[in-house]
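Report on the structure given below.
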Amino acid sequence: MNYRLTKSERLHAEKLIKELFHEGSSFFLYPFKVLFLRKIELSGQTNQVLISVSKKKIKRATGRNLIKRRVRESYRLNKHLLPQDGVILGFIFVGNPEMPFSEIQAKMAQTLSKLSKEISENPLSHDS
RNA sequence: UGUGCAAGUCGGCUUGUCGCUGUCCCGAUGACCAUCGGGGAAGAGGAAAGUCCGGGCAACAAAGAGCGCCAUACUUCCUAACGGGAAGGGUGCUGUCUGGAGACGGACAGUACACAGAAAGUGCCACAGAAAACAAACCGCCUUUUGAAUUCAGGUUUCGCCCUGAGCCAUUCAAGAGGUAAGGGUGAAAAGGUGGAGUAAGAGCCCACCGCCCCGACAGUGAUGAAGGGGGCACGGCAAACCUUAUGGGUUGAAAGAUCAAAUAGGCCCCGGGCAAAGAGCUGCUCGUUCGAUUUCCGUGCAAACGGGAUUCCGGGGUGGGUAGAUCGAUGGAUCCCGAUCGUGAGGUCGGGGCUAGAUAAAUGGCAAGCCUCUUUUGAUUUCAGAAGAGACAGAACCCGGCUUAUAGACUUGCACUUUUU
């Protein structure tokens, strides 16, 4: 199983980030707000992920760094739950700053399963 | 031994495993670029923070002068520079000791200082108080004028009576005219103080001493100190009010800015050529003057020098990749450590050695185990053993020098107090 998380799997293109926030669908599953966007021209390619932590929720930069690292780590270990189909993902953490890694990991698995189910029920039509 | 204060140092460690960032090596895709795979070593701080000062760097602007605005403000030094630092001076406060009858003075230690100017001008000084600044006059004290009232002072006596003396005087009250700043009271602050002489009462009005002001030999680079001389004594405080004086400052800030569209940028490869004392400071320019130097490695050679390579620059050719993306800026520097030496010190000079974090929707992490430290608790006289919990402040973003603020705990040195033993 591939547990790596290379640069190509992380979202860094400014254009795609704008599209994700403007056109992407979203749902909320504590402690994440999840944004996702599927594009016809990207289908079949690797998924790309973005992780963000609210500055309002966690004031200190060290605290934000810690949470981002834990979320990224949990995504890295659970990304096999989601099929590779060029999905653009955004995780915005809004939970407790002292949430331990084990809890984050459990929630991440739950979130990815839900997302996977949603994607398989609504296949991307070439007309839209 | 413990506690406190000051200065300094450190600020969790180890292993395994799964990952991330750039970099080097190897392999594959035709290729040193790109992609994929494997491996090696490296990868946050003392404050990385606040963005408060100073500098480098960059772009833009700019004849010169004046005005304005902002900053700084004891002296000398350190420094690339600074509003930073060092040493020194001054003033205030506190403590100890000490001289004097006293006013007050001296020495030492600690501590604070936004320490230029209040005898250039303007303004302000609440409340209280008579008065808050060319002093004034509420109470009080004294002299005197007018009016009114009373005899008044002393002795004796329980008191009254009485006795002696003086009465256009004296005392009291009211109003007016003047003198006064001793005393009272107010205030953060009231125009020298102590003691005397003097006076109607008083007063630096006068005298002695203390304080203060002015001049000041001499000492010191200087801030400043100061022998001595003179002066009856003014010149209240606030400049963190305006202001004056002196010095400095063009503006912006790496999200600055430079570059790239089939190549003319930048990377890599190949070929050819240049390069060795220029240069830097002072200056608008010239002259002049000062500083400074002969790139580095290997080979031959005593050396001079010669040959080859590297670095750097120029020219030519080749080559691969990316497109809101890429390259440069951008990580080796006023650098750190050790030693010697000069200096009271901040620091300077010389010698030796060491140092690849460079991200860019932004790496330096997750998990497990063990150790270390601290706190609580249980057992045990202490050493010790077990259990539970915690490990601060905090995340590089162009780079340096400072300042300020946050910080669990540990260690070192010095000083003070304390305990035990001798």
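Starting from 1 in every chain, residues are counted up; chains themselves are A, B, ... following the order of the structure tokens, and ligands are numbered from 1 as listed.
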**OP:** Pick out the chain B residues within 8 Å of chain A. Count only C-alpha atoms (C1' of nucleotides). Give them as JSON, numbers by chain.
**Re:** {"B": [18, 19, 324, 361, 365, 366, 394, 395]}
Output the selection as a compact mmCIF listing (two decimals), in the first residue's frame - N, CA and C atoms (P, O5', C5', C4', C3', O3' and C1' of nucleotides) for each residue.
```
# COMPACT_ATOMS: atom_id res chain seq x y z
P C B 18 9.72 1.42 7.31
O5' C B 18 8.53 2.46 7.19
C5' C B 18 7.18 2.02 7.11
C4' C B 18 6.22 3.18 7.20
C3' C B 18 6.50 4.35 6.26
O3' C B 18 6.04 4.08 4.93
C1' C B 18 6.05 5.19 8.41
P G B 19 6.66 4.87 3.68
O5' G B 19 6.12 6.35 3.94
C5' G B 19 6.90 7.48 3.64
C4' G B 19 6.22 8.71 4.19
C3' G B 19 6.84 10.03 3.74
O3' G B 19 6.37 10.41 2.46
C1' G B 19 6.55 10.05 6.07
P A B 324 -0.91 28.49 -17.31
O5' A B 324 -1.04 29.48 -16.07
C5' A B 324 -1.41 29.00 -14.80
C4' A B 324 -0.52 29.58 -13.72
C3' A B 324 -1.29 30.00 -12.47
O3' A B 324 -0.51 29.74 -11.30
C1' A B 324 -0.08 31.83 -13.33
P A B 361 2.92 28.19 -2.53
O5' A B 361 2.23 27.16 -1.53
C5' A B 361 2.35 27.34 -0.13
C4' A B 361 1.12 26.79 0.56
C3' A B 361 0.61 25.47 0.01
O3' A B 361 0.16 24.67 1.10
C1' A B 361 -1.08 27.11 -0.12
P G B 365 9.70 18.21 14.01
O5' G B 365 8.29 17.49 14.18
C5' G B 365 7.08 18.16 13.85
C4' G B 365 6.14 17.25 13.12
C3' G B 365 5.71 15.99 13.86
O3' G B 365 4.71 16.23 14.83
C1' G B 365 6.28 15.43 11.65
P G B 366 4.51 15.23 16.07
O5' G B 366 3.84 13.94 15.42
C5' G B 366 2.49 13.99 14.98
C4' G B 366 2.07 12.63 14.45
C3' G B 366 2.19 11.48 15.44
O3' G B 366 1.11 11.45 16.36
C1' G B 366 3.05 10.82 13.34
P A B 394 3.52 31.93 24.37
O5' A B 394 4.36 32.22 23.05
C5' A B 394 4.35 31.31 21.97
C4' A B 394 5.76 31.13 21.45
C3' A B 394 5.86 30.68 19.99
O3' A B 394 5.83 31.82 19.15
C1' A B 394 7.27 29.34 21.35
P G B 395 4.92 31.82 17.79
O5' G B 395 5.97 31.41 16.68
C5' G B 395 6.29 30.06 16.45
C4' G B 395 7.45 29.94 15.52
C3' G B 395 7.07 30.12 14.05
O3' G B 395 8.16 30.73 13.37
C1' G B 395 7.83 27.91 14.41
```
**OP:** Return as a PyMOL selection string the full set of residues in segment 81-110 of chain A whose backbone-based DSSP assignment is helix (DSSP H, G or I).
**Re:** chain A and resi 81+101-110
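Proximity ranking of B:G123, B:G230, B:G347, B:G315 relative to C242 of chain B places B:G123 first, based on only C-alpha atoms (C1' of nucleotides).
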Original post:
Within 10 Å of segment 177-188 of chain B, counting only C-alpha atoms (C1' of nucleotides), which residues qualify if same-chain residues fewer than 6 places away don't, as a list of chain:residue names?
Top reply: B:C127, B:A128, B:G129, B:A132, B:A137, B:C138, B:C139, B:G140, B:C141, B:C142, B:U143, B:U144, B:U145, B:A200, B:A201, B:G202, B:A203, B:G237
Prev. selection, C-alpha atoms (C1' of nucleotides), output as a PDB file, in the first residue's frame:
```pdb
ATOM      1  C1'   C B 127      -8.787  72.465  45.192  1.00  0.00           C
ATOM      2  C1'   A B 128      -7.540  75.082  49.430  1.00  0.00           C
ATOM      3  C1'   G B 129      -5.670  79.741  50.763  1.00  0.00           C
ATOM      4  C1'   A B 132       0.356  81.224  43.071  1.00  0.00           C
ATOM      5  C1'   A B 137      -1.926  91.837  53.666  1.00  0.00           C
ATOM      6  C1'   C B 138      -7.110  87.703  56.186  1.00  0.00           C
ATOM      7  C1'   C B 139      -6.179  86.914  61.417  1.00  0.00           C
ATOM      8  C1'   G B 140      -2.327  88.873  64.365  1.00  0.00           C
ATOM      9  C1'   C B 141       1.490  92.708  66.279  1.00  0.00           C
ATOM     10  C1'   C B 142       2.651  98.182  66.619  1.00  0.00           C
ATOM     11  C1'   U B 143       2.021 103.732  66.002  1.00  0.00           C
ATOM     12  C1'   U B 144      -1.540 107.433  65.306  1.00  0.00           C
ATOM     13  C1'   U B 145      -6.538 110.344  64.424  1.00  0.00           C
ATOM     14  C1'   A B 200       6.857 101.383  68.506  1.00  0.00           C
ATOM     15  C1'   A B 201       6.229  96.503  66.476  1.00  0.00           C
ATOM     16  C1'   G B 202       9.236  94.119  63.102  1.00  0.00           C
ATOM     17  C1'   A B 203      12.347  92.782  59.059  1.00  0.00           C
ATOM     18  C1'   G B 237       7.664  75.102  39.375  1.00  0.00           C
TER      19        G B 237
END
```
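Take atom CA of Pro31 of chain A and atom CA of Phe91 of chain A: the distance between them is 9.5 Å.
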Subject >> DSSP strand (DSSP E or B) residues within segment 49-85 of chain A, as an MDAnalysis selection string >> reply: chainID A and resid 49:53
